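Peer 1: One file is attached below, upload35.cif, containing mmCIF, C-alpha atoms and all ligand atoms.
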data_structure
loop_
_atom_site.group_PDB
_atom_site.id
_atom_site.type_symbol
_atom_site.label_atom_id
_atom_site.label_comp_id
_atom_site.auth_asym_id
_atom_site.auth_seq_id
_atom_site.Cartn_x
_atom_site.Cartn_y
_atom_site.Cartn_z
ATOM 1 C CA MET A 1 63.641 -75.075 -0.640
ATOM 2 C CA ILE A 2 63.903 -76.250 -4.229
ATOM 3 C CA MET A 3 60.958 -74.176 -5.534
ATOM 4 C CA LYS A 4 61.598 -70.972 -3.572
ATOM 5 C CA GLY A 5 60.926 -67.946 -5.798
ATOM 6 C CA LYS A 6 58.976 -70.045 -8.334
ATOM 7 C CA LYS A 7 55.394 -69.131 -9.236
ATOM 8 C CA GLY A 8 53.007 -71.318 -11.173
ATOM 9 C CA VAL A 9 49.504 -72.472 -11.981
ATOM 10 C CA ILE A 10 48.097 -75.955 -11.515
ATOM 11 C CA LEU A 11 45.071 -77.075 -13.551
ATOM 12 C CA GLY A 12 43.300 -80.324 -12.682
ATOM 13 C CA ILE A 13 42.722 -80.531 -8.946
ATOM 14 C CA ALA A 14 39.302 -82.128 -8.425
ATOM 15 C CA ASN A 15 39.914 -83.125 -4.804
ATOM 16 C CA LYS A 16 42.682 -84.240 -2.457
ATOM 17 C CA LYS A 17 43.016 -87.539 -4.310
ATOM 18 C CA SER A 18 43.917 -85.808 -7.582
ATOM 19 C CA ILE A 19 47.416 -86.255 -8.994
ATOM 20 C CA ALA A 20 47.508 -82.456 -9.418
ATOM 21 C CA TYR A 21 46.991 -82.088 -5.664
ATOM 22 C CA GLY A 22 50.033 -84.311 -5.039
ATOM 23 C CA ILE A 23 52.085 -82.091 -7.349
ATOM 24 C CA ALA A 24 50.746 -78.907 -5.726
ATOM 25 C CA LYS A 25 51.628 -80.158 -2.235
ATOM 26 C CA ALA A 26 55.155 -81.104 -3.277
ATOM 27 C CA CYS A 27 55.688 -77.691 -4.903
ATOM 28 C CA GLN A 28 54.224 -75.832 -1.937
ATOM 29 C CA GLU A 29 56.373 -77.753 0.533
ATOM 30 C CA GLN A 30 59.405 -76.656 -1.481
ATOM 31 C CA GLY A 31 58.428 -72.990 -1.326
ATOM 32 C CA ALA A 32 56.489 -72.367 -4.575
ATOM 33 C CA GLU A 33 53.722 -69.788 -4.889
ATOM 34 C CA ILE A 34 50.713 -71.530 -6.429
ATOM 35 C CA ALA A 35 47.531 -70.621 -8.273
ATOM 36 C CA ILE A 36 44.905 -73.305 -8.898
ATOM 37 C CA THR A 37 41.830 -73.555 -11.093
ATOM 38 C CA PHE A 38 38.382 -75.089 -10.774
ATOM 39 C CA LEU A 39 36.041 -76.356 -13.465
ATOM 40 C CA ASN A 40 32.746 -74.774 -12.411
ATOM 41 C CA GLU A 41 30.799 -73.401 -9.428
ATOM 42 C CA ARG A 42 30.210 -76.862 -7.970
ATOM 43 C CA PHE A 43 33.952 -77.482 -7.795
ATOM 44 C CA GLU A 44 34.689 -73.940 -6.616
ATOM 45 C CA LYS A 45 32.839 -74.667 -3.380
ATOM 46 C CA LYS A 46 34.458 -78.078 -2.926
ATOM 47 C CA LEU A 47 37.957 -76.760 -3.652
ATOM 48 C CA THR A 48 37.873 -73.606 -1.525
ATOM 49 C CA PRO A 49 39.428 -75.396 1.508
ATOM 50 C CA VAL A 50 42.117 -76.873 -0.778
ATOM 51 C CA ALA A 51 42.949 -73.410 -2.166
ATOM 52 C CA GLU A 52 43.232 -72.149 1.415
ATOM 53 C CA GLU A 53 45.474 -75.049 2.408
ATOM 54 C CA LEU A 54 47.740 -74.319 -0.565
ATOM 55 C CA ASN A 55 47.885 -70.603 0.408
ATOM 56 C CA CYS A 56 46.514 -69.573 -2.983
ATOM 57 C CA GLY A 57 44.736 -66.519 -1.559
ATOM 58 C CA ALA A 58 42.810 -64.936 -4.417
ATOM 59 C CA LYS A 59 44.742 -66.992 -6.970
ATOM 60 C CA PHE A 60 41.884 -69.455 -7.388
ATOM 61 C CA TYR A 61 40.330 -69.114 -10.838
ATOM 62 C CA PRO A 62 37.654 -70.741 -12.993
ATOM 63 C CA CYS A 63 38.928 -72.568 -16.076
ATOM 64 C CA ASP A 64 36.982 -75.028 -18.181
ATOM 65 C CA VAL A 65 39.512 -75.795 -20.918
ATOM 66 C CA SER A 66 36.745 -76.526 -23.431
ATOM 67 C CA LYS A 67 35.985 -72.766 -23.332
ATOM 68 C CA PRO A 68 38.745 -70.686 -24.980
ATOM 69 C CA GLU A 69 37.463 -67.510 -23.327
ATOM 70 C CA GLU A 70 38.090 -69.046 -19.883
ATOM 71 C CA ILE A 71 41.703 -69.869 -20.811
ATOM 72 C CA ARG A 72 42.166 -66.279 -22.009
ATOM 73 C CA ALA A 73 40.619 -64.972 -18.777
ATOM 74 C CA LEU A 74 42.954 -67.219 -16.777
ATOM 75 C CA LYS A 75 45.958 -65.593 -18.431
ATOM 76 C CA GLU A 76 44.617 -62.112 -17.602
ATOM 77 C CA SER A 77 44.039 -63.062 -13.954
ATOM 78 C CA LEU A 78 47.459 -64.691 -13.581
ATOM 79 C CA GLU A 79 49.185 -61.683 -15.127
ATOM 80 C CA LYS A 80 47.338 -59.293 -12.821
ATOM 81 C CA ASP A 81 47.919 -61.313 -9.643
ATOM 82 C CA MET A 82 51.318 -62.911 -10.261
ATOM 83 C CA GLY A 83 53.032 -61.189 -13.187
ATOM 84 C CA GLU A 84 55.386 -63.640 -14.817
ATOM 85 C CA ILE A 85 55.067 -67.329 -13.903
ATOM 86 C CA ASP A 86 57.582 -70.191 -13.983
ATOM 87 C CA PHE A 87 55.500 -73.339 -14.266
ATOM 88 C CA VAL A 88 52.223 -74.770 -15.539
ATOM 89 C CA VAL A 89 50.730 -78.139 -14.626
ATOM 90 C CA HIS A 90 48.147 -79.594 -17.026
ATOM 91 C CA SER A 91 46.587 -82.553 -15.210
ATOM 92 C CA ILE A 92 43.367 -82.765 -17.188
ATOM 93 C CA ALA A 93 41.670 -85.490 -19.147
ATOM 94 C CA PHE A 94 38.151 -86.410 -20.113
ATOM 95 C CA ALA A 95 36.484 -88.979 -22.357
ATOM 96 C CA PRO A 96 32.771 -89.750 -22.540
ATOM 97 C CA LYS A 97 31.887 -93.029 -20.852
ATOM 98 C CA GLU A 98 31.360 -94.789 -24.198
ATOM 99 C CA GLY A 99 35.092 -94.337 -24.856
ATOM 100 C CA LEU A 100 36.209 -96.212 -21.748
ATOM 101 C CA SER A 101 34.615 -99.646 -22.099
ATOM 102 C CA GLY A 102 33.407 -102.180 -24.643
ATOM 103 C CA ARG A 103 34.405 -102.450 -28.315
ATOM 104 C CA PHE A 104 36.768 -99.693 -29.410
ATOM 105 C CA TYR A 105 35.685 -99.630 -33.051
ATOM 106 C CA ASP A 106 32.208 -98.492 -32.009
ATOM 107 C CA ILE A 107 33.453 -95.091 -30.885
ATOM 108 C CA SER A 108 31.457 -92.084 -32.113
ATOM 109 C CA LYS A 109 33.090 -89.087 -33.749
ATOM 110 C CA GLU A 110 31.536 -86.870 -31.115
ATOM 111 C CA ALA A 111 33.152 -88.795 -28.234
ATOM 112 C CA PHE A 112 36.470 -88.875 -30.114
ATOM 113 C CA ASP A 113 36.424 -85.104 -30.653
ATOM 114 C CA ILE A 114 35.554 -84.344 -27.016
ATOM 115 C CA ALA A 115 38.341 -86.557 -25.647
ATOM 116 C CA MET A 116 40.946 -85.091 -27.997
ATOM 117 C CA ASP A 117 39.802 -81.540 -27.336
ATOM 118 C CA ILE A 118 39.862 -81.711 -23.528
ATOM 119 C CA SER A 119 42.732 -84.168 -23.044
ATOM 120 C CA VAL A 120 45.125 -83.048 -25.810
ATOM 121 C CA TYR A 121 44.305 -79.802 -27.586
ATOM 122 C CA SER A 122 43.846 -78.049 -24.235
ATOM 123 C CA LEU A 123 47.559 -78.473 -23.509
ATOM 124 C CA ILE A 124 48.459 -76.609 -26.710
ATOM 125 C CA GLU A 125 45.881 -73.910 -26.094
ATOM 126 C CA VAL A 126 46.836 -73.367 -22.432
ATOM 127 C CA VAL A 127 50.534 -73.114 -23.307
ATOM 128 C CA ARG A 128 49.878 -70.742 -26.218
ATOM 129 C CA GLU A 129 47.653 -68.422 -24.175
ATOM 130 C CA LEU A 130 50.000 -68.391 -21.158
ATOM 131 C CA LYS A 131 53.197 -68.062 -23.192
ATOM 132 C CA PRO A 132 53.372 -64.230 -22.901
ATOM 133 C CA ILE A 133 53.614 -64.560 -19.107
ATOM 134 C CA LEU A 134 55.917 -67.604 -18.974
ATOM 135 C CA SER A 135 59.435 -66.807 -17.775
ATOM 136 C CA THR A 136 62.444 -67.673 -19.918
ATOM 137 C CA SER A 137 63.294 -70.590 -17.644
ATOM 138 C CA SER A 138 59.859 -72.091 -17.233
ATOM 139 C CA SER A 139 58.531 -75.615 -17.181
ATOM 140 C CA VAL A 140 55.264 -77.168 -18.347
ATOM 141 C CA LEU A 141 54.136 -80.583 -17.136
ATOM 142 C CA THR A 142 51.316 -82.850 -18.325
ATOM 143 C CA LEU A 143 50.134 -86.295 -17.239
ATOM 144 C CA SER A 144 50.033 -89.404 -19.370
ATOM 145 C CA TYR A 145 49.518 -93.143 -18.957
ATOM 146 C CA TYR A 146 51.041 -96.297 -20.446
ATOM 147 C CA GLY A 147 47.757 -96.975 -22.284
ATOM 148 C CA GLY A 148 48.978 -94.390 -24.803
ATOM 149 C CA VAL A 149 51.894 -96.650 -25.719
ATOM 150 C CA LYS A 150 50.510 -100.193 -25.350
ATOM 151 C CA TYR A 151 47.030 -101.686 -25.360
ATOM 152 C CA ILE A 152 45.346 -101.614 -21.929
ATOM 153 C CA PRO A 153 41.843 -103.132 -21.606
ATOM 154 C CA ASN A 154 39.055 -100.528 -21.494
ATOM 155 C CA TYR A 155 41.462 -97.573 -21.691
ATOM 156 C CA ASN A 156 40.339 -97.398 -25.322
ATOM 157 C CA LEU A 157 39.724 -93.795 -26.398
ATOM 158 C CA MET A 158 41.915 -92.366 -23.649
ATOM 159 C CA GLY A 159 44.792 -94.472 -24.982
ATOM 160 C CA ILE A 160 44.502 -92.677 -28.316
ATOM 161 C CA ALA A 161 44.348 -89.337 -26.525
ATOM 162 C CA LYS A 162 47.446 -90.138 -24.425
ATOM 163 C CA ALA A 163 49.413 -91.192 -27.527
ATOM 164 C CA ALA A 164 48.566 -87.816 -29.066
ATOM 165 C CA LEU A 165 49.362 -86.030 -25.790
ATOM 166 C CA GLU A 166 52.822 -87.604 -25.588
ATOM 167 C CA MET A 167 53.688 -86.515 -29.133
ATOM 168 C CA THR A 168 52.197 -83.089 -28.421
ATOM 169 C CA THR A 169 54.587 -82.860 -25.450
ATOM 170 C CA LYS A 170 57.554 -83.571 -27.727
ATOM 171 C CA TYR A 171 56.535 -81.185 -30.522
ATOM 172 C CA LEU A 172 55.830 -78.417 -27.988
ATOM 173 C CA ALA A 173 59.199 -79.092 -26.333
ATOM 174 C CA GLU A 174 61.005 -78.550 -29.617
ATOM 175 C CA ASP A 175 58.963 -75.519 -30.567
ATOM 176 C CA LEU A 176 59.251 -73.765 -27.202
ATOM 177 C CA GLY A 177 62.812 -74.735 -26.300
ATOM 178 C CA LYS A 178 64.123 -71.627 -28.070
ATOM 179 C CA ASP A 179 61.966 -69.519 -25.719
ATOM 180 C CA GLY A 180 63.412 -71.168 -22.615
ATOM 181 C CA ILE A 181 60.227 -73.152 -21.994
ATOM 182 C CA ARG A 182 60.576 -76.864 -21.182
ATOM 183 C CA VAL A 183 57.673 -79.293 -21.710
ATOM 184 C CA ASN A 184 57.585 -82.749 -20.132
ATOM 185 C CA ALA A 185 55.095 -85.443 -19.220
ATOM 186 C CA ILE A 186 54.876 -87.921 -16.374
ATOM 187 C CA SER A 187 53.427 -91.275 -17.297
ATOM 188 C CA ALA A 188 51.955 -92.307 -13.951
ATOM 189 C CA GLY A 189 50.971 -95.788 -12.860
ATOM 190 C CA PRO A 190 47.298 -96.328 -12.013
ATOM 191 C CA ILE A 191 46.006 -94.387 -8.994
ATOM 192 C CA LYS A 192 42.448 -94.383 -7.652
ATOM 193 C CA THR A 193 41.119 -90.916 -8.495
ATOM 194 C CA LEU A 194 37.839 -89.465 -9.749
ATOM 195 C CA ALA A 195 38.952 -89.700 -13.391
ATOM 196 C CA ALA A 196 40.175 -93.278 -12.941
ATOM 197 C CA ALA A 197 36.776 -94.305 -11.582
ATOM 198 C CA GLY A 198 35.387 -93.773 -15.094
ATOM 199 C CA ILE A 199 37.483 -96.616 -16.522
ATOM 200 C CA ASP A 200 35.798 -100.047 -16.520
ATOM 201 C CA ASP A 201 37.461 -102.598 -14.200
ATOM 202 C CA PHE A 202 39.929 -100.027 -12.890
ATOM 203 C CA SER A 203 40.388 -101.987 -9.642
ATOM 204 C CA PHE A 204 41.697 -104.899 -11.720
ATOM 205 C CA MET A 205 44.314 -102.564 -13.258
ATOM 206 C CA LEU A 206 45.450 -101.610 -9.762
ATOM 207 C CA LYS A 207 45.785 -105.265 -8.702
ATOM 208 C CA TRP A 208 47.545 -106.253 -11.904
ATOM 209 C CA ASN A 209 50.071 -103.420 -11.680
ATOM 210 C CA LYS A 210 50.817 -104.037 -8.037
ATOM 211 C CA ALA A 211 51.428 -107.720 -8.687
ATOM 212 C CA HIS A 212 53.622 -107.266 -11.749
ATOM 213 C CA ALA A 213 55.501 -103.993 -11.254
ATOM 214 C CA PRO A 214 59.132 -104.521 -10.212
ATOM 215 C CA LEU A 215 58.541 -102.521 -7.006
ATOM 216 C CA LYS A 216 55.412 -104.632 -6.215
ATOM 217 C CA GLU A 217 53.338 -101.588 -5.314
ATOM 218 C CA ASN A 218 51.091 -98.966 -6.839
ATOM 219 C CA VAL A 219 52.421 -95.430 -6.914
ATOM 220 C CA THR A 220 50.895 -92.662 -4.786
ATOM 221 C CA ILE A 221 50.070 -89.042 -5.612
ATOM 222 C CA ASN A 222 52.942 -88.081 -3.286
ATOM 223 C CA GLN A 223 55.414 -90.035 -5.407
ATOM 224 C CA VAL A 224 54.067 -88.527 -8.623
ATOM 225 C CA GLY A 225 54.018 -85.143 -6.879
ATOM 226 C CA ASN A 226 57.695 -85.299 -5.968
ATOM 227 C CA SER A 227 58.712 -86.367 -9.484
ATOM 228 C CA GLY A 228 56.494 -83.633 -10.900
ATOM 229 C CA MET A 229 58.111 -81.059 -8.631
ATOM 230 C CA TYR A 230 61.532 -82.143 -9.917
ATOM 231 C CA LEU A 231 60.405 -81.646 -13.535
ATOM 232 C CA LEU A 232 59.017 -78.193 -12.668
ATOM 233 C CA SER A 233 62.154 -77.148 -10.812
ATOM 234 C CA ASP A 234 65.591 -76.064 -12.011
ATOM 235 C CA LEU A 235 66.902 -79.489 -10.961
ATOM 236 C CA SER A 236 65.632 -80.695 -14.340
ATOM 237 C CA SER A 237 66.842 -77.667 -16.322
ATOM 238 C CA GLY A 238 68.448 -79.943 -18.933
ATOM 239 C CA VAL A 239 65.322 -82.054 -19.451
ATOM 240 C CA THR A 240 62.624 -81.402 -22.048
ATOM 241 C CA GLY A 241 60.332 -83.464 -24.265
ATOM 242 C CA GLU A 242 60.649 -86.339 -21.802
ATOM 243 C CA ILE A 243 57.954 -88.893 -20.957
ATOM 244 C CA HIS A 244 59.045 -89.786 -17.445
ATOM 245 C CA TYR A 245 57.564 -92.990 -15.994
ATOM 246 C CA VAL A 246 56.487 -92.929 -12.356
ATOM 247 C CA ASP A 247 54.875 -96.362 -12.307
ATOM 248 C CA ALA A 248 56.889 -98.561 -9.913
ATOM 249 C CA GLY A 249 58.736 -99.777 -13.017
ATOM 250 C CA TYR A 250 55.730 -101.469 -14.643
ATOM 251 C CA ASN A 251 56.567 -100.209 -18.150
ATOM 252 C CA LEU A 252 59.709 -102.338 -18.400
ATOM 253 C CA MET A 253 57.760 -105.609 -18.144
ATOM 254 C CA GLY A 254 57.421 -107.673 -21.325
ATOM 255 C CA MET A 255 55.613 -110.544 -19.591
ATOM 256 C CA PRO A 256 54.681 -111.396 -15.995
ATOM 257 C CA ALA A 257 57.336 -113.101 -13.865
ATOM 258 C CA VAL A 258 56.878 -116.881 -13.647
ATOM 259 C CA GLU A 259 57.346 -118.958 -10.502
ATOM 260 C CA PHE A 260 58.013 -122.714 -10.452
ATOM 261 C CA ASP A 261 56.453 -125.133 -7.982
ATOM 262 C CA GLU A 262 58.285 -128.025 -6.333
ATOM 263 C CA ASN A 263 57.669 -130.188 -9.427
ATOM 264 C CA GLY A 264 59.209 -127.584 -11.700
ATOM 265 C CA LYS A 265 55.785 -126.642 -13.102
ATOM 266 C CA PRO A 266 55.646 -122.968 -14.067
ATOM 267 C CA HIS A 267 52.803 -120.716 -13.029
ATOM 268 C CA ILE A 268 52.243 -116.984 -13.169
ATOM 269 C CA ALA A 269 52.966 -115.336 -9.835
ATOM 270 C CA TRP A 270 49.390 -114.075 -9.559
ATOM 271 C CA ASP A 271 46.248 -115.391 -11.244
ATOM 272 C CA GLY A 272 44.317 -112.140 -11.176
ATOM 273 C CA HIS A 273 41.558 -113.286 -8.805
ATOM 274 C CA SER A 274 43.000 -112.748 -5.340
HETATM 275 P P1 LIG A 301 41.117 -86.267 -11.329
HETATM 276 O O1 LIG A 301 41.440 -85.996 -9.918
HETATM 277 O O2 LIG A 301 39.706 -86.617 -11.644
HETATM 278 O O3 LIG A 301 41.624 -85.068 -12.223
HETATM 279 C C1 LIG A 301 41.189 -84.860 -13.553
HETATM 280 C C2 LIG A 301 40.966 -83.408 -13.686
HETATM 281 O O4 LIG A 301 40.631 -83.039 -15.020
HETATM 282 C C3 LIG A 301 39.833 -82.954 -12.795
HETATM 283 O O5 LIG A 301 40.260 -81.903 -11.980
HETATM 284 C C4 LIG A 301 38.802 -82.517 -13.803
HETATM 285 O O6 LIG A 301 37.965 -81.513 -13.318
HETATM 286 C C5 LIG A 301 39.683 -82.006 -14.892
HETATM 287 N N1 LIG A 301 38.899 -81.708 -16.093
HETATM 288 C C6 LIG A 301 38.119 -82.530 -16.830
HETATM 289 N N2 LIG A 301 37.530 -81.852 -17.814
HETATM 290 C C7 LIG A 301 37.962 -80.565 -17.703
HETATM 291 C C8 LIG A 301 37.715 -79.359 -18.415
HETATM 292 N N3 LIG A 301 36.894 -79.315 -19.475
HETATM 293 N N4 LIG A 301 38.341 -78.220 -18.030
HETATM 294 C C9 LIG A 301 39.156 -78.227 -16.961
HETATM 295 N N5 LIG A 301 39.414 -79.317 -16.232
HETATM 296 C C10 LIG A 301 38.825 -80.471 -16.604
HETATM 297 O O7 LIG A 301 41.997 -87.494 -11.876
HETATM 298 P P2 LIG A 301 43.570 -87.724 -12.005
HETATM 299 O O8 LIG A 301 43.700 -89.187 -12.077
HETATM 300 O O9 LIG A 301 44.292 -86.940 -11.005
HETATM 301 O O10 LIG A 301 43.841 -87.166 -13.479
HETATM 302 C C11 LIG A 301 44.802 -86.172 -13.772
HETATM 303 C C12 LIG A 301 45.587 -86.537 -15.010
HETATM 304 O O11 LIG A 301 46.395 -87.683 -14.721
HETATM 305 C C13 LIG A 301 44.738 -86.914 -16.215
HETATM 306 O O12 LIG A 301 45.352 -86.433 -17.386
HETATM 307 C C14 LIG A 301 44.790 -88.431 -16.191
HETATM 308 O O13 LIG A 301 44.550 -89.004 -17.465
HETATM 309 C C15 LIG A 301 46.238 -88.623 -15.767
HETATM 310 N N6 LIG A 301 46.588 -89.944 -15.275
HETATM 311 C C16 LIG A 301 45.854 -90.548 -14.307
HETATM 312 C C17 LIG A 301 46.213 -91.814 -13.858
HETATM 313 C C18 LIG A 301 45.400 -92.531 -12.815
HETATM 314 O O14 LIG A 301 45.493 -93.756 -12.720
HETATM 315 N N7 LIG A 301 44.619 -91.833 -12.005
HETATM 316 C C19 LIG A 301 47.343 -92.452 -14.386
HETATM 317 C C20 LIG A 301 48.101 -91.801 -15.363
HETATM 318 C C21 LIG A 301 47.709 -90.544 -15.805
HETATM 319 P P3 LIG A 301 36.587 -81.937 -12.599
HETATM 320 O O15 LIG A 301 36.845 -83.120 -11.720
HETATM 321 O O16 LIG A 301 36.298 -80.702 -11.858
HETATM 322 O O17 LIG A 301 35.647 -82.339 -13.670
#
Rewrite the coordinates I just gave you, this time as structure tokens.
Peer 2:
Amino acid sequence: MIMKGKKGVILGIANKKSIAYGIAKACQEQGAEIAITFLNERFEKKLTPVAEELNCGAKFYPCDVSKPEEIRALKESLEKDMGEIDFVVHSIAFAPKEGLSGRFYDISKEAFDIAMDISVYSLIEVVRELKPILSTSSSVLTLSYYGGVKYIPNYNLMGIAKAALEMTTKYLAEDLGKDGIRVNAISAGPIKTLAAAGIDDFSFMLKWNKAHAPLKENVTINQVGNSGMYLLSDLSSGVTGEIHYVDAGYNLMGMPAVEFDENGKPHIAWDGHS
């Protein structure tokens, strides 16, 4: 039981397809005690069976990260119900629809600010508020995507947010290392979730990745969950500030593999329409 004796909070479960759910399951299976959060009353109802399945008991709290008072209240509740905690999962992102399709240069300041606030600043704020109850060998994990490193069609505003999130991970890792707090990110390959549904032509991304990733598959929330559990556990005690790819190897590709027909004519292994 790799996580036996570990206690932590997981933000960002919307349903059983969420990456955060995959991480929660992996941690629970390895003996962790888990608290989870929900965005608002609508999600509280939907997530109650999930909280029960994860044995959260009363450790099921509201937290809209755009409201500082809810992050402060989360810290109070965690301290009361769990005392010190050993891990935090930040699996949260949001961008208004206008930021996830069309021409990028058209983006409004309002949409930009919302995406950066919820998808990036919230990591800093959650870590700062929870720091007094984080143990001296604790681990923080956030979720990124390759669109923060290279251009991905329609990922647009979220690509900017993920670039900022990855650097935030590194600066936090340096700043908090002296307090025994590690901070890492997983850059996951595309997975069909609620958040992903907001990205234009997301199903094309899934097909493209599957065809061109070295492992010729899309990753699952179980695979991301297991890697996340490793980064939250003492198995990774020497790892911080890392952006760890769990993407079937897609990030190593510089161009798609080419196949040659019987006449020696090259063609790309997949034309994108099948
Ligand atoms: P998801 O199931 O929709 O999870 C996103 C979560 O963010 C939801 O639980 C959502 O809550 C929460 N959220 C949004 N605004 C919030 C706010 N103001 N306060 C608190 N929570 C808020 O989708 P997911 O794909 O698992 O996303 C989790 C993370 O993985 C995100 O950072 C995403 O960018 C990243 N990621 C996803 C993929 C992918 O292909 N799916 C790939 C790489 C990285 P509600 O649903 O209740 O609004």
Peer 1: Name the residues in contact with Ile13 in chain A at a cut-off of 9 Å, using all atoms listed in the file, excluding same-chain residues fewer than 3 positions from it; report them as a VMD selection string.
Peer 2: chain A and resid 10 16 to 21 24 36 to 38 47 50 91 to 92
Peer 1: So, with all atoms listed in the file as the atoms that count, which of A:Gly228, A:Gly177, A:Gly254, A:Gly99 lies closest to Thr142 in chain A?
Peer 2: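 So, comparing all the options, the nearest one is A:Gly228.
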Peer 1: Counting all atoms listed in the file, figure out which residue out of A:Ala164, A:Ala196, A:Met116, A:Val89 gets nearest to Asn184 in chain A.
Peer 2: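 Counting all atoms listed in the file, the residue closest to Asn184 in chain A is A:Val89.
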Peer 1: Within 7 Å of ligand LIG 301 (chain A), counting only C-alpha atoms and all ligand atoms, which protein or nucleic acid residues do you find, written as a PyMOL selection string?
Peer 2: chain A and resi 11-15+17-20+38-40+43+63-66+91-94+118-119+143-145+187-196
Peer 1: As an exercise, work out the distance from CA of Asn222 in chain A to CA of His90 in chain A in Å and give it to one decimal place.
Peer 2: 16.8 Å
Peer 1: Enter the distance from CA of Gly225 in chain A to CA of Ala26 in chain A, in Å, rounded to one decimal.
Peer 2: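 Between these atoms lies a distance of 5.5 Å.
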Peer 1: If the PyMOL selection byres (((chain A and resi 107) around 12) and not hetatm) were run on this exact file, what residues would it hold? Put them as a list in words.
Peer 2: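 For this structure, the PyMOL selection byres (((chain A and resi 107) around 12) and not hetatm) captures Ala95, Pro96, Lys97, Glu98, Gly99, Leu100, Ser101, Gly102, Arg103, Phe104, Tyr105, Asp106, Ser108, Lys109, Glu110, Ala111, Phe112, Asp113, Ile114, Ala115, Asn156, Leu157, Met158 and Ile160 of chain A.
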Peer 1: Evaluate the PyMOL selection byres (((chain A and resi 243-247) around 8) and not hetatm) and record the selected residues as a short mmCIF file (atom, residue, chain, number, x, y, z; two decimals) with C-alpha atoms, in the coordinates of the input, following the chain and residue labels used in the document.
Peer 2:
data_model
loop_
_atom_site.label_atom_id
_atom_site.label_comp_id
_atom_site.auth_asym_id
_atom_site.auth_seq_id
_atom_site.Cartn_x
_atom_site.Cartn_y
_atom_site.Cartn_z
CA GLU A 166 52.82 -87.60 -25.59
CA ASN A 184 57.58 -82.75 -20.13
CA ALA A 185 55.10 -85.44 -19.22
CA ILE A 186 54.88 -87.92 -16.37
CA SER A 187 53.43 -91.28 -17.30
CA ALA A 188 51.96 -92.31 -13.95
CA GLY A 189 50.97 -95.79 -12.86
CA PRO A 190 47.30 -96.33 -12.01
CA ALA A 213 55.50 -103.99 -11.25
CA ASN A 218 51.09 -98.97 -6.84
CA VAL A 219 52.42 -95.43 -6.91
CA GLN A 223 55.41 -90.04 -5.41
CA VAL A 224 54.07 -88.53 -8.62
CA SER A 227 58.71 -86.37 -9.48
CA GLY A 241 60.33 -83.46 -24.26
CA GLU A 242 60.65 -86.34 -21.80
CA ALA A 248 56.89 -98.56 -9.91
CA GLY A 249 58.74 -99.78 -13.02
CA TYR A 250 55.73 -101.47 -14.64
CA ASN A 251 56.57 -100.21 -18.15
#
Peer 1: Name the residues captured by the PyMOL selection byres (((chain A and resi 180) around 7) and not hetatm) when it is applied to the shown file; answer as an MDAnalysis selection string.
Peer 2: chainID A and resid 136:138 176:179 181:182
Peer 1: Save the residues we just selected, C-alpha atoms, as a PDB file, keeping the file's coordinate frame?
Peer 2:
ATOM      1  CA  THR A 136      62.444 -67.673 -19.918  1.00  0.00           C
ATOM      2  CA  SER A 137      63.294 -70.590 -17.644  1.00  0.00           C
ATOM      3  CA  SER A 138      59.859 -72.091 -17.233  1.00  0.00           C
ATOM      4  CA  LEU A 176      59.251 -73.765 -27.202  1.00  0.00           C
ATOM      5  CA  GLY A 177      62.812 -74.735 -26.300  1.00  0.00           C
ATOM      6  CA  LYS A 178      64.123 -71.627 -28.070  1.00  0.00           C
ATOM      7  CA  ASP A 179      61.966 -69.519 -25.719  1.00  0.00           C
ATOM      8  CA  ILE A 181      60.227 -73.152 -21.994  1.00  0.00           C
ATOM      9  CA  ARG A 182      60.576 -76.864 -21.182  1.00  0.00           C
TER      10      ARG A 182
END
Peer 1: With only C-alpha atoms as the basis for distance, which of A:Met255, A:Ala51, A:Met205, A:Ile221 is at the shortest distance from Ile23 in chain A?
Peer 2: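 Ranking A:Met255, A:Ala51, A:Met205, A:Ile221 by distance to Ile23 in chain A, first place goes to A:Ile221.
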Peer 1: Find the distance between CA of Gly5 in chain A and CA of Arg128 in chain A and write it in Å to one decimal.
Peer 2: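 A separation of 23.4 Å between them.
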Peer 1: How would range 219-223 of chain A look with N, CA, C and O atoms restored, written as a PDB file, in the frame of the given file?
Peer 2:
ATOM      1  N   VAL A 219      51.862 -96.721  -7.307  1.00  0.00           N
ATOM      2  CA  VAL A 219      52.421 -95.430  -6.914  1.00  0.00           C
ATOM      3  C   VAL A 219      51.357 -94.578  -6.234  1.00  0.00           C
ATOM      4  O   VAL A 219      50.157 -94.821  -6.378  1.00  0.00           O
ATOM      5  N   THR A 220      51.802 -93.570  -5.495  1.00  0.00           N
ATOM      6  CA  THR A 220      50.895 -92.662  -4.786  1.00  0.00           C
ATOM      7  C   THR A 220      50.981 -91.267  -5.421  1.00  0.00           C
ATOM      8  O   THR A 220      51.941 -90.961  -6.151  1.00  0.00           O
ATOM      9  N   ILE A 221      50.005 -90.415  -5.078  1.00  0.00           N
ATOM     10  CA  ILE A 221      50.070 -89.042  -5.612  1.00  0.00           C
ATOM     11  C   ILE A 221      51.261 -88.289  -5.012  1.00  0.00           C
ATOM     12  O   ILE A 221      51.749 -87.337  -5.604  1.00  0.00           O
ATOM     13  N   ASN A 222      51.741 -88.732  -3.849  1.00  0.00           N
ATOM     14  CA  ASN A 222      52.942 -88.081  -3.286  1.00  0.00           C
ATOM     15  C   ASN A 222      54.167 -88.402  -4.136  1.00  0.00           C
ATOM     16  O   ASN A 222      55.013 -87.530  -4.385  1.00  0.00           O
ATOM     17  N   GLN A 223      54.262 -89.658  -4.572  1.00  0.00           N
ATOM     18  CA  GLN A 223      55.414 -90.035  -5.407  1.00  0.00           C
ATOM     19  C   GLN A 223      55.369 -89.304  -6.747  1.00  0.00           C
ATOM     20  O   GLN A 223      56.385 -88.783  -7.220  1.00  0.00           O
TER      21      GLN A 223
END
